[in-house]
>>> print(open('protein-v4.txt').read())   # compact mmCIF, C-alpha atoms
# COMPACT_ATOMS: atom_id res chain seq x y z
CA MET A 37 -141.06 9.04 -147.30
CA THR A 38 -138.29 10.30 -145.03
CA LYS A 39 -138.85 13.86 -146.22
CA TYR A 40 -142.56 13.48 -145.47
CA LEU A 41 -141.89 12.30 -141.92
CA LEU A 42 -139.45 15.14 -141.33
CA LEU A 43 -142.03 17.63 -142.56
CA ILE A 44 -144.65 16.24 -140.14
CA LEU A 45 -142.16 16.44 -137.27
CA LEU A 46 -141.23 20.00 -138.12
CA ILE A 47 -144.88 21.05 -138.10
CA THR A 48 -146.03 19.19 -134.98
CA PHE A 49 -143.02 19.70 -132.70
CA PRO A 50 -143.45 23.43 -132.19
CA LEU A 51 -147.16 22.95 -131.46
CA LEU A 52 -146.46 20.39 -128.76
CA GLU A 53 -143.38 21.82 -127.12
CA VAL A 54 -142.61 25.39 -127.93
CA GLY A 55 -144.90 27.59 -129.90
CA CYS A 56 -148.19 27.11 -128.12
CA GLN A 57 -150.65 29.39 -129.81
CA GLU A 58 -151.69 32.23 -127.58
CA ILE A 59 -154.65 34.47 -128.23
CA GLN A 60 -155.12 37.37 -125.88
CA THR A 61 -158.44 39.13 -125.53
CA HIS A 62 -159.68 41.56 -122.91
CA ASP A 63 -160.14 39.15 -120.02
CA THR A 64 -159.62 35.76 -121.54
CA GLN A 65 -156.48 34.00 -122.68
CA VAL A 66 -156.58 30.78 -124.63
CA LYS A 67 -153.53 28.60 -124.91
CA GLN A 68 -153.85 25.71 -127.34
CA VAL A 69 -151.80 22.53 -127.46
CA SER A 70 -152.91 20.19 -130.22
CA THR A 71 -156.65 19.59 -129.60
CA LEU A 72 -156.21 20.41 -125.95
CA SER A 73 -156.60 24.06 -125.00
CA PHE A 74 -156.57 26.07 -121.80
CA ILE A 75 -158.67 29.05 -120.92
CA LYS A 76 -157.64 31.66 -118.37
CA LYS A 77 -160.45 33.95 -117.31
CA ASP A 78 -160.98 36.06 -114.19
CA GLY A 79 -158.58 34.02 -112.10
CA THR A 80 -159.82 30.63 -113.23
CA LEU A 81 -158.09 28.01 -115.37
CA GLN A 82 -160.05 25.58 -117.52
CA SER A 83 -159.04 22.85 -119.92
CA LYS A 84 -160.95 22.17 -123.08
CA GLU A 85 -160.67 19.04 -125.19
CA GLY A 86 -163.34 18.54 -127.79
CA ASN A 87 -166.57 19.67 -126.18
CA ARG A 88 -165.41 18.81 -122.67
CA ILE A 89 -164.50 21.76 -120.45
CA CYS A 90 -163.04 21.13 -117.00
CA LEU A 91 -162.20 23.58 -114.22
CA LEU A 92 -158.62 23.12 -113.07
CA ALA A 93 -158.27 25.96 -110.57
CA ASP A 94 -159.99 29.12 -109.41
CA ASP A 95 -157.81 30.32 -106.56
CA ALA A 96 -154.98 32.25 -108.19
CA ILE A 97 -154.13 35.44 -110.05
CA ASP A 98 -152.61 33.79 -113.11
CA TYR A 99 -151.41 30.48 -114.53
CA GLU A 100 -148.96 29.06 -117.08
CA VAL A 101 -149.55 25.53 -118.36
CA PHE A 102 -146.88 23.07 -119.52
CA VAL A 103 -148.15 19.81 -121.03
CA SER A 104 -146.20 16.56 -120.67
CA PRO A 105 -144.91 14.95 -123.88
CA ASP A 106 -147.69 12.34 -123.84
CA THR A 107 -150.27 15.04 -122.93
CA ASN A 108 -151.45 13.05 -119.90
CA MET A 109 -150.00 15.37 -117.28
CA LEU A 110 -149.78 19.07 -116.72
CA ALA A 111 -147.36 21.21 -114.78
CA VAL A 112 -149.15 24.44 -113.96
CA GLU A 113 -147.29 27.44 -112.68
CA THR A 114 -149.81 29.08 -110.36
CA LEU A 115 -149.48 32.63 -109.11
CA ILE A 116 -151.34 32.37 -105.80
CA MET A 117 -150.40 35.90 -104.74
CA SER A 118 -148.25 38.46 -106.56
CA ASP A 119 -145.33 37.36 -104.39
CA LEU A 120 -146.03 33.62 -104.26
CA GLN A 121 -145.75 31.23 -107.21
CA ILE A 122 -146.05 27.45 -107.02
CA ILE A 123 -146.36 24.56 -109.46
CA ARG A 124 -149.23 22.12 -109.36
CA ILE A 125 -149.14 18.79 -111.17
CA TYR A 126 -152.32 17.50 -112.77
CA LYS A 127 -153.06 14.05 -114.17
CA LYS A 128 -155.66 13.24 -116.80
CA ASP A 129 -158.44 10.88 -115.69
CA THR A 130 -160.71 8.63 -117.70
CA THR A 131 -163.16 11.45 -118.34
CA ALA A 132 -160.43 13.50 -120.07
CA CYS A 133 -160.34 15.99 -117.20
CA PHE A 134 -157.20 16.82 -115.26
CA HIS A 135 -157.01 16.59 -111.47
CA PRO A 136 -154.22 17.75 -109.15
CA LEU A 137 -152.03 15.13 -107.50
CA LYS A 138 -153.01 14.49 -103.88
CA ASP A 139 -149.58 15.29 -102.48
CA PRO A 140 -148.77 18.88 -103.48
CA LEU A 141 -145.43 19.16 -105.22
CA SER A 142 -144.73 22.51 -103.61
CA THR A 143 -144.98 21.21 -100.05
CA LYS A 144 -142.66 18.28 -100.73
CA LEU A 145 -140.01 20.29 -102.57
CA TRP A 146 -139.89 23.25 -100.17
CA HIS A 147 -139.77 20.90 -97.18
CA ASN A 148 -136.90 18.89 -98.69
CA LEU A 149 -134.97 22.03 -99.63
CA SER A 150 -135.43 23.55 -96.18
CA VAL A 151 -134.00 20.42 -94.58
CA LYS A 152 -131.09 20.35 -97.02
CA LYS A 153 -130.24 24.05 -96.65
CA GLY A 154 -131.21 24.42 -93.01
CA PHE A 155 -133.91 27.07 -93.12
CA VAL A 156 -137.53 27.33 -92.05
CA VAL A 157 -140.06 27.34 -94.88
CA GLU A 158 -142.07 30.09 -93.13
CA ASP A 159 -139.07 32.42 -93.37
CA VAL A 160 -138.88 32.44 -97.17
CA SER A 161 -140.12 35.64 -98.75
CA HIS A 162 -141.10 36.02 -102.43
CA PRO A 163 -141.03 32.23 -102.95
CA ARG A 164 -141.32 31.10 -106.54
CA MET A 165 -141.38 27.72 -108.24
CA LYS A 166 -140.45 27.94 -111.91
CA PHE A 167 -141.11 25.15 -114.38
CA LEU A 168 -138.01 24.40 -116.46
CA LYS A 169 -138.78 21.31 -118.54
CA TRP A 170 -140.40 17.92 -118.83
CA THR A 171 -137.61 15.32 -118.91
CA GLY A 172 -140.01 12.44 -119.54
CA ASN A 173 -143.72 11.79 -119.41
CA LYS A 174 -143.61 11.73 -115.60
CA GLN A 175 -140.49 13.69 -114.77
CA ILE A 176 -139.88 17.40 -114.56
CA THR A 177 -137.18 19.85 -113.59
CA VAL A 178 -138.17 22.92 -111.63
CA GLU A 179 -136.41 25.86 -110.03
CA LEU A 180 -137.14 26.97 -106.49
CA SER A 181 -136.16 30.51 -105.53
CA GLY A 182 -136.80 33.01 -102.79
CA GLU A 183 -135.19 35.23 -100.19
CA ILE A 184 -134.22 34.47 -96.62
CA ASP A 185 -132.89 37.35 -94.52
CA ASN A 186 -132.09 39.28 -97.71
CA GLN A 187 -130.11 36.34 -99.10
CA PHE A 188 -131.30 35.04 -102.47
CA ILE A 189 -131.62 31.26 -102.77
CA THR A 190 -132.15 29.25 -105.92
CA GLU A 191 -132.11 25.52 -106.57
CA ASN A 192 -132.92 23.33 -109.57
CA ILE A 193 -134.64 20.06 -108.71
CA SER A 194 -135.67 17.07 -110.84
CA LEU A 195 -138.60 14.99 -109.73
CA LYS A 196 -140.27 11.82 -110.95
CA PHE A 197 -143.93 11.09 -110.22
CA MET B 184 -159.57 33.68 -107.90
CA SER B 185 -162.80 35.60 -107.72
CA LYS B 186 -162.46 39.32 -107.91
CA ILE B 187 -163.63 41.50 -105.06
CA TYR B 188 -165.65 44.41 -106.36
CA TYR B 189 -165.26 47.89 -104.95
CA SER B 190 -168.20 49.09 -102.89
CA ASN B 191 -169.13 51.78 -100.39
CA ASN B 192 -168.70 49.31 -97.56
CA LEU B 193 -165.24 48.44 -98.74
CA ALA B 194 -164.35 52.11 -99.10
CA GLU B 195 -165.50 52.78 -95.55
CA GLU B 196 -163.52 49.82 -94.28
CA TYR B 197 -160.30 50.97 -95.94
CA SER B 198 -160.80 54.55 -94.74
CA SER B 199 -161.47 53.45 -91.18
CA LEU B 200 -158.51 51.07 -91.11
CA TYR B 201 -156.22 53.76 -92.48
CA LYS B 202 -157.44 56.32 -89.98
CA ASN B 203 -156.79 53.94 -87.09
CA CYS B 204 -153.57 52.52 -88.50
CA GLU B 205 -150.65 52.86 -86.14
CA THR B 206 -147.16 51.61 -86.86
CA LYS B 207 -145.72 49.42 -84.15
CA ALA B 208 -143.04 51.43 -82.36
CA SER B 209 -140.44 48.72 -82.83
CA TYR B 210 -140.57 49.32 -86.59
CA TYR B 211 -140.27 53.12 -86.61
CA ASP B 212 -136.62 53.17 -87.70
CA GLU B 213 -137.07 50.49 -90.34
CA VAL B 214 -140.07 52.27 -91.82
CA ASP B 215 -138.26 55.60 -91.91
CA ALA B 216 -135.28 54.00 -93.65
CA LEU B 217 -137.56 52.56 -96.32
CA VAL B 218 -139.33 55.89 -96.75
CA ASP B 219 -135.99 57.70 -97.00
CA ARG B 220 -135.06 55.51 -99.96
CA ILE B 221 -138.45 56.03 -101.56
CA VAL B 222 -138.12 59.80 -101.27
CA ASP B 223 -134.60 59.64 -102.72
CA HIS B 224 -136.03 58.02 -105.86
CA ARG B 225 -139.23 60.04 -106.02
CA SER B 226 -138.42 61.50 -109.45
CA ARG B 227 -138.10 58.02 -110.99
CA TYR B 228 -141.48 57.01 -109.64
CA GLU B 229 -142.96 60.31 -110.78
CA ASN B 230 -141.62 59.87 -114.30
CA VAL B 231 -143.45 56.57 -114.61
CA GLY B 232 -146.54 57.65 -112.71
CA ASP B 233 -147.02 60.94 -114.53
CA SER B 234 -146.98 59.20 -117.90
CA LEU B 235 -149.73 56.81 -116.81
CA GLY B 236 -151.80 58.93 -114.44
CA ILE B 237 -150.83 56.81 -111.44
CA PRO B 238 -149.70 58.37 -108.12
CA TRP B 239 -145.96 58.01 -107.69
CA TYR B 240 -146.29 56.74 -104.12
CA PHE B 241 -148.54 53.87 -105.26
CA ILE B 242 -145.78 52.75 -107.63
CA ALA B 243 -143.18 53.18 -104.91
CA ALA B 244 -145.20 51.02 -102.53
CA ILE B 245 -145.55 48.24 -105.10
CA HIS B 246 -141.87 48.50 -105.95
CA ASN B 247 -141.04 47.98 -102.30
CA MET B 248 -143.40 45.03 -101.97
CA GLU B 249 -142.48 43.22 -105.18
CA SER B 250 -138.74 43.82 -105.45
CA SER B 251 -137.55 45.56 -102.28
CA GLN B 252 -137.01 48.87 -104.15
CA ASN B 253 -134.39 47.20 -106.33
CA PHE B 254 -134.08 49.14 -109.61
CA SER B 255 -132.34 46.25 -111.36
CA ARG B 256 -135.46 44.08 -111.13
CA HIS B 257 -138.73 43.95 -113.05
CA LEU B 258 -141.65 45.55 -111.26
CA HIS B 259 -143.80 42.62 -112.42
CA ASN B 260 -142.24 40.01 -110.20
CA GLY B 261 -138.70 40.88 -109.16
CA ASP B 262 -136.98 39.02 -112.01
CA PRO B 263 -133.74 40.65 -113.27
CA LEU B 264 -133.99 43.34 -115.95
CA THR B 265 -131.21 41.67 -117.93
CA ALA B 266 -133.81 39.40 -119.56
CA ARG B 267 -137.56 39.22 -120.10
CA THR B 268 -139.44 37.95 -117.07
CA LYS B 269 -139.23 34.21 -116.59
CA ASN B 270 -141.75 33.91 -113.77
CA ILE B 271 -145.43 34.79 -114.13
CA PRO B 272 -146.16 37.02 -115.97
CA GLU B 273 -143.65 35.41 -118.33
CA GLY B 274 -141.86 37.00 -121.25
CA ARG B 275 -142.49 40.63 -120.28
CA PRO B 276 -142.05 43.24 -121.59
CA LYS B 277 -142.97 41.88 -124.99
CA GLN B 278 -141.72 44.99 -126.78
CA GLY B 279 -138.08 46.05 -126.89
CA ASN B 280 -135.02 44.04 -126.06
CA PRO B 281 -133.18 43.31 -122.82
CA PRO B 282 -131.59 44.69 -120.82
CA PHE B 283 -134.60 46.83 -119.98
CA THR B 284 -134.60 50.02 -118.01
CA TRP B 285 -136.57 49.91 -114.81
CA GLU B 286 -138.91 52.54 -116.23
CA GLU B 287 -139.66 50.47 -119.37
CA SER B 288 -140.46 47.47 -117.24
CA ALA B 289 -142.54 49.44 -114.74
CA VAL B 290 -144.73 50.95 -117.45
CA ASP B 291 -145.32 47.49 -118.89
CA ALA B 292 -146.14 45.98 -115.50
CA LEU B 293 -148.60 48.71 -114.59
CA LYS B 294 -150.30 48.62 -117.97
CA LEU B 295 -150.55 44.83 -117.82
CA ARG B 296 -152.53 45.24 -114.61
CA ARG B 297 -154.54 48.02 -116.31
CA LEU B 298 -153.70 50.46 -113.57
CA HIS B 299 -153.32 53.20 -116.16
CA GLN B 300 -157.07 52.91 -116.67
CA VAL B 301 -157.91 53.60 -113.04
CA GLN B 302 -159.54 57.01 -112.59
CA ASP B 303 -160.20 57.02 -108.85
CA TRP B 304 -157.02 57.42 -106.83
CA SER B 305 -158.71 58.42 -103.60
CA LEU B 306 -157.24 56.79 -100.51
CA PRO B 307 -159.79 53.95 -100.16
CA HIS B 308 -159.70 53.07 -103.83
CA MET B 309 -155.91 53.15 -103.85
CA LEU B 310 -155.85 50.65 -100.97
CA TYR B 311 -158.33 48.51 -102.91
CA GLU B 312 -155.98 48.52 -105.92
CA LEU B 313 -153.02 47.67 -103.71
CA GLU B 314 -154.75 44.69 -102.13
CA GLY B 315 -155.97 43.53 -105.53
CA TYR B 316 -152.46 43.78 -106.95
CA ASN B 317 -151.28 41.24 -104.40
CA GLY B 318 -154.37 39.07 -104.79
CA TRP B 319 -157.59 38.56 -102.85
CA GLY B 320 -156.58 35.36 -101.07
CA TYR B 321 -156.59 36.89 -97.60
CA ARG B 322 -159.96 38.58 -97.98
CA LEU B 323 -161.58 35.57 -99.65
CA TYR B 324 -160.19 32.65 -97.69
CA HIS B 325 -158.71 33.99 -94.43
CA THR B 326 -161.04 36.70 -93.31
CA HIS B 327 -159.65 36.77 -89.76
CA VAL B 328 -156.38 38.25 -91.02
CA LEU B 329 -155.98 41.62 -92.70
CA SER B 330 -153.58 41.37 -95.61
CA PRO B 331 -149.97 41.84 -94.50
CA TYR B 332 -149.28 43.24 -97.98
CA LEU B 333 -151.11 46.33 -96.71
CA TRP B 334 -150.95 46.23 -92.92
CA SER B 335 -147.78 44.40 -91.82
CA PHE B 336 -145.80 46.39 -89.20
CA SER B 337 -149.04 48.01 -88.00
CA GLU B 338 -151.28 47.23 -85.04
CA HIS B 339 -153.81 45.85 -87.53
CA TYR B 340 -151.63 42.82 -88.22
CA VAL B 341 -150.26 40.24 -85.82
CA SER B 342 -149.63 37.04 -87.78
CA GLY B 343 -150.99 34.75 -90.45
CA LYS B 344 -149.77 34.38 -94.01
CA TYR B 345 -149.29 32.09 -96.94
CA ILE B 346 -145.92 30.36 -96.77
CA ALA B 347 -143.68 29.17 -99.58
CA ASP B 348 -145.63 26.05 -100.44
CA ALA B 349 -148.88 28.09 -100.60
CA THR B 350 -150.28 26.51 -97.45
CA TRP B 351 -151.70 28.82 -94.81
CA SER B 352 -150.02 29.37 -91.46
CA ASP B 353 -151.75 31.23 -88.63
CA THR B 354 -148.44 31.59 -86.81
CA ALA B 355 -146.18 32.68 -89.66
CA LYS B 356 -145.56 36.40 -89.66
CA SER B 357 -144.72 38.72 -92.51
CA ARG B 358 -141.31 40.35 -92.15
CA GLN B 359 -142.00 42.93 -94.82
CA CYS B 360 -143.35 46.39 -94.17
CA GLY B 361 -146.92 46.73 -95.42
CA ALA B 362 -147.62 49.13 -98.27
CA VAL B 363 -150.04 51.27 -96.25
CA ILE B 364 -147.47 51.89 -93.56
CA LEU B 365 -145.12 53.37 -96.16
CA ILE B 366 -147.86 55.56 -97.60
CA LYS B 367 -148.96 56.70 -94.17
CA ARG B 368 -145.42 57.64 -93.20
CA LEU B 369 -144.98 59.53 -96.48
CA GLU B 370 -148.09 61.47 -95.56
CA GLU B 371 -146.88 62.09 -92.01
CA ARG B 372 -143.65 63.51 -93.38
CA GLY B 373 -145.50 65.82 -95.72
CA GLU B 374 -144.29 64.15 -98.89
CA ILE B 375 -147.83 63.48 -100.08
CA THR B 376 -151.35 64.71 -99.45
CA LEU B 377 -154.20 62.26 -99.66
CA HIS B 378 -157.79 63.11 -100.45
CA THR B 379 -159.50 62.11 -97.24
CA ILE B 380 -157.71 64.38 -94.81
CA ALA B 381 -160.14 66.73 -93.09
CA ASP B 382 -159.50 70.21 -91.70
CA PRO B 383 -157.39 70.34 -88.55
CA ILE B 384 -158.81 70.81 -85.08
CA PHE B 385 -156.81 72.98 -82.70
CA PHE B 386 -156.35 71.94 -79.08
CA TYR B 387 -153.64 70.82 -76.66
CA SER B 388 -153.68 67.67 -74.58
CA THR B 389 -151.34 65.26 -72.84
CA HIS B 390 -153.63 62.41 -73.78
CA GLU B 391 -154.72 60.85 -77.04
CA GLU B 392 -157.59 62.81 -78.47
CA ALA B 393 -160.11 62.07 -81.17
CA GLU B 394 -159.32 63.79 -84.46
CA ALA B 395 -155.89 64.95 -83.26
CA ASP B 396 -154.26 62.67 -85.79
CA LYS B 397 -155.86 64.77 -88.53
CA LEU B 398 -154.27 67.88 -87.15
CA GLN B 399 -150.87 66.17 -87.14
CA GLN B 400 -151.38 64.96 -90.67
CA PHE B 401 -152.26 68.49 -91.71
CA LEU B 402 -149.18 69.94 -90.06
CA ASN B 403 -146.96 67.33 -91.66
CA GLN B 404 -147.80 68.77 -95.05
CA PHE B 405 -145.50 71.71 -94.31
CA ASP B 406 -141.75 71.75 -94.84
CA GLY B 407 -139.73 71.02 -91.73
CA VAL B 408 -142.53 69.23 -89.87
CA ALA B 409 -142.48 65.48 -89.42
CA LEU B 410 -144.72 64.67 -86.50
CA ARG B 411 -145.45 61.14 -85.48
CA VAL B 412 -149.17 60.77 -86.13
CA ASP B 413 -150.15 59.25 -82.81
CA GLY B 414 -153.21 61.33 -81.91
CA TRP B 415 -151.50 63.03 -78.95
CA PRO B 416 -151.64 66.80 -79.57
CA GLY B 417 -148.94 67.60 -77.03
CA GLU B 418 -145.82 69.72 -76.90
CA LYS B 419 -144.34 68.73 -80.29
CA THR B 420 -147.61 69.25 -82.10
CA SER B 421 -148.07 72.56 -80.36
CA ASN B 422 -144.48 73.55 -81.26
CA ALA B 423 -145.24 72.85 -84.90
CA MET B 424 -148.31 75.07 -84.69
CA GLU B 425 -146.25 77.87 -83.17
CA LYS B 426 -143.54 77.48 -85.79
CA LEU B 427 -146.02 77.64 -88.65
CA PHE B 428 -148.70 79.99 -87.39
CA GLY B 429 -147.14 81.90 -84.51
CA PHE B 430 -149.28 80.53 -81.71
CA TYR B 431 -149.46 77.37 -79.66
CA LEU B 432 -152.42 75.04 -79.55
CA LYS B 433 -155.41 76.20 -77.57
CA ASP B 434 -155.07 75.23 -73.89
CA ASP B 435 -151.26 74.89 -74.24
CA PRO B 436 -149.91 76.15 -70.85
CA ARG B 437 -147.33 78.24 -72.68
CA ASN B 438 -150.12 80.46 -73.94
CA ASP B 439 -150.66 81.75 -70.37
>>> encode(input="protein-v4.txt", output="C-alpha cells")
Amino acid sequence: MTKYLLLILLITFPLLEVGCQEIQTHDTQVKQVSTLSFIKKDGTLQSKEGNRICLLADDAIDYEVFVSPDTNMLAVETLIMSDLQIIRIYKKDTTACFHPLKDPLSTKLWHNLSVKKGFVVEDVSHPRMKFLKWTGNKQITVELSGEIDNQFITENISLKF
Amino acid sequence: MSKIYYSNNLAEEYSSLYKNCETKASYYDEVDALVDRIVDHRSRYENVGDSLGIPWYFIAAIHNMESSQNFSRHLHNGDPLTARTKNIPEGRPKQGNPPFTWEESAVDALKLRRLHQVQDWSLPHMLYELEGYNGWGYRLYHTHVLSPYLWSFSEHYVSGKYIADATWSDTAKSRQCGAVILIKRLEERGEITLHTIADPIFFYSTHEEAEADKLQQFLNQFDGVALRVDGWPGEKTSNAMEKLFGFYLKDDPRND
C-alpha cells in the first residue's frame, strides 16, 4: 500500500509543481497542469478546463503561469513590454474561470518597496517581478528587480492574500 | 496584445517621423557617447547580424534598449549570461550550457522573435520591427504618446510611459535614449546608410531649408564628415562639400 502511494506521489508531483508539459507550435503554446491547461496565442492567455475556455489576458507580449498547490489561484508573470514584467494574481470563481484580484499585486509591492528604499516608482527602469514559489495556497514569494540611476536593485518579498 | 500589422500608412508614418526626428540638444553628448560604444563593438554585432541576415545596427539598438550594451547579459531580457534566463522568456537559450557567450544568447533571442525571417530591412520596416520588439502598448492604448523605446531624447517625445507597476503615467519620462536616435546618429556619422535617403540638393543658407537634412545625411556617409543633421546648410555643410568635392555650396559667399 505504501509503495502504491509513493508511486502515485512520484507521478503526480512533477505534473503539479515542476514538469508542466509544454508543447510549442508556430504561434500557440499550451501549458498543461493536471486537467487545467493554458493557451498562449498572439499575445493572449486563456485557461482551459474541460470544455470551458476563459480569457485571462490580452494585453501583453508573453506570459508564464504558476498554479497554486490547490489549483484555485494563479500567479501569472506578464511581460507587458519587453522591458516591463509584472505578476498578476488570479482567483478561480464558481464558473471555473480565473479573474485577476482587484488590487494589483504589482502596485502594492512596488509602492511598499519604494517607501522602504526611498525611491520613486517612476524612476525605475527595466522593472521586473519574478515569481519564485508558492509557499501555501494563498502565499507566494516574488522577486522585484530593476535599475535606478544605473544602480541595480533586487528584493525578495513574501505576500499572503 | 493584438499585433499591429505593417501597412503603407504605417510605413509613411515611420518615414515621416524619422525624417523630422531631431535630437534634443541637451542629449547630444549622451547620444554620441552611446554611439561611440556601439561603433567600438560593431564587429560583434556584425558577427551576429551577418549570420542571421539582420542589420548590425538593429541589433545594437536592441542591445542598448534591453541591457544597456552590457555584453555580460542576455539580449532577451538583460538577465546574466551565467545562467539561462529566469525572466520571460524563461530558460533561454535551451541549447548549450551556461555560461553563454553574448553571441550565443543574441542569436537565440533574435531567432525566438523570428527576426531572422524578416526580409524587408528598409528604414520604415526596421522601425516597425523595433516598436514591435518592445510591444504595441503605446500604439494600441496610449495613442497620444509616441513610443519612447523609439523616440525618447527626440523632439517627438516629451513624456508618458508605463511605470514599474505597469500603470500608465502621463508625467513620467523615459530616461533612456530611444533606438531611432541611435540609428539616426549612426547615419549622421556615416557609419550606416539607410535605404530611404534621396540624392543631395546643393545650396547654401543661414536658415533651415527643406531637404537640406538629406544633403547632410549624404555627406555624412564619407570618412571624416560628421555633420549634425539639423537642416541648416551653412558653413560647416559647405566646408564638407569643399573638402569632398572641391567646391562650396551654391550661393556660399566664399564662391565669389
>>> closest_atom_pairs(input="protein-v4.txt", of="chain A", to="chain B", cutoff="8 Å", atoms="all atoms listed in the file", output="Markdown table")
| residue | atom | partner | partner_atom | distance |
| --- | --- | --- | --- | --- |
| A:Asp78 | CA | B:Ser185 | CA | 6.7 |
| A:Gly79 | CA | B:Met184 | CA | 4.3 |
| A:Thr80 | CA | B:Met184 | CA | 6.1 |
| A:Asp94 | CA | B:Met184 | CA | 4.8 |
| A:Asp95 | CA | B:Met184 | CA | 4.0 |
| A:Ala96 | CA | B:Met184 | CA | 4.8 |
| A:Ile97 | CA | B:Met184 | CA | 6.1 |
| A:Asp98 | CA | B:Ile271 | CA | 7.3 |
| A:Tyr99 | CA | B:Ile271 | CA | 7.4 |
| A:Glu100 | CA | B:Ile271 | CA | 7.3 |
| A:Glu113 | CA | B:Ile271 | CA | 7.7 |
| A:Leu115 | CA | B:Ile271 | CA | 6.8 |
| A:Ile116 | CA | B:Ala349 | CA | 7.2 |
| A:Met117 | CA | B:Gly318 | CA | 5.1 |
| A:Ser118 | CA | B:Asn317 | CA | 4.6 |
| A:Asp119 | CA | B:Glu249 | CA | 6.6 |
| A:Leu120 | CA | B:Ala347 | CA | 6.9 |
| A:Gln121 | CA | B:Ile271 | CA | 7.8 |
| A:Ile122 | CA | B:Asp348 | CA | 6.7 |
| A:Ser142 | CA | B:Asp348 | CA | 4.8 |
| A:Thr143 | CA | B:Asp348 | CA | 4.9 |
| A:Trp146 | CA | B:Asp348 | CA | 6.4 |
| A:Val157 | CA | B:Ala347 | CA | 6.2 |
| A:Glu158 | CA | B:Ile346 | CA | 5.3 |
| A:Asp159 | CA | B:Ile346 | CA | 7.9 |
| A:Val160 | CA | B:Ala347 | CA | 6.3 |
| A:Ser161 | CA | B:Ala347 | CA | 7.4 |
| A:His162 | CA | B:Glu249 | CA | 7.8 |
| A:Pro163 | CA | B:Ala347 | CA | 5.3 |
| A:Arg164 | CA | B:Ala347 | CA | 7.6 |
| A:Lys166 | CA | B:Asn270 | CA | 6.4 |
>>> atom_distance(input="protein-v4.txt", atom1="atom CA of Pro276 of chain B", atom2="atom CA of Gln252 of chain B")
19.0 Å
>>> residues_around(input="protein-v4.txt", residues="Tyr240 of chain B", least_positions_apart="5", cutoff="10 Å", atoms="all atoms listed in the file", output="ChimeraX atom specification")
/B:221-222,225,228-229,232,245-246,362,365-366,369-370,374-375
>>> residues_around(input="protein-v4.txt", residues="Arg372 of chain B", least_positions_apart="2", cutoff="9 Å", atoms="all atoms listed in the file", output="list in words")
Lys367, Arg368, Leu369, Glu370, Glu374, Ile375, Gln400, Asn403, Gln404, Phe405, Asp406, Gly407, Val408, Ala409, Leu410 and Arg411 of chain B
>>> closest_residue(input="protein-v4.txt", among="B:Gln302, B:Gln399, B:Asn438, B:Ser226", to="Glu371 of chain B", atoms="only C-alpha atoms")
B:Gln399
>>> residues_around(input="protein-v4.txt", residues="Glu85 of chain A", least_positions_apart="2", cutoff="9 Å", atoms="all atoms listed in the file", output="list of chain:residue names")
A:Thr71, A:Leu72, A:Ser73, A:Phe74, A:Ser83, A:Asn87, A:Arg88, A:Ile89, A:Cys90, A:Ala132, A:Cys133
>>> write_last_selection(input="protein-v4.txt", atoms="C-alpha atoms", output="tab-separated table (two decimals), in the frame of the given file")
chain	number	residue	atom	x	y	z
A	71	THR	CA	-156.65	19.59	-129.60
A	72	LEU	CA	-156.21	20.41	-125.95
A	73	SER	CA	-156.60	24.06	-125.00
A	74	PHE	CA	-156.57	26.07	-121.80
A	83	SER	CA	-159.04	22.85	-119.92
A	87	ASN	CA	-166.57	19.67	-126.18
A	88	ARG	CA	-165.41	18.81	-122.67
A	89	ILE	CA	-164.50	21.76	-120.45
A	90	CYS	CA	-163.04	21.13	-117.00
A	132	ALA	CA	-160.43	13.50	-120.07
A	133	CYS	CA	-160.34	15.99	-117.20
>>> atom_distance(input="protein-v4.txt", atom1="atom CA of Ala111 of chain A", atom2="atom CA of Phe167 of chain A")
7.4 Å
>>> atom_distance(input="protein-v4.txt", atom1="atom CA of Leu264 of chain B", atom2="atom CA of Pro281 of chain B")
6.9 Å
>>> closest_residue(input="protein-v4.txt", among="B:Arg220, B:Arg227, B:His308, B:His327", to="Glu196 of chain B", atoms="all atoms listed in the file")
B:His308
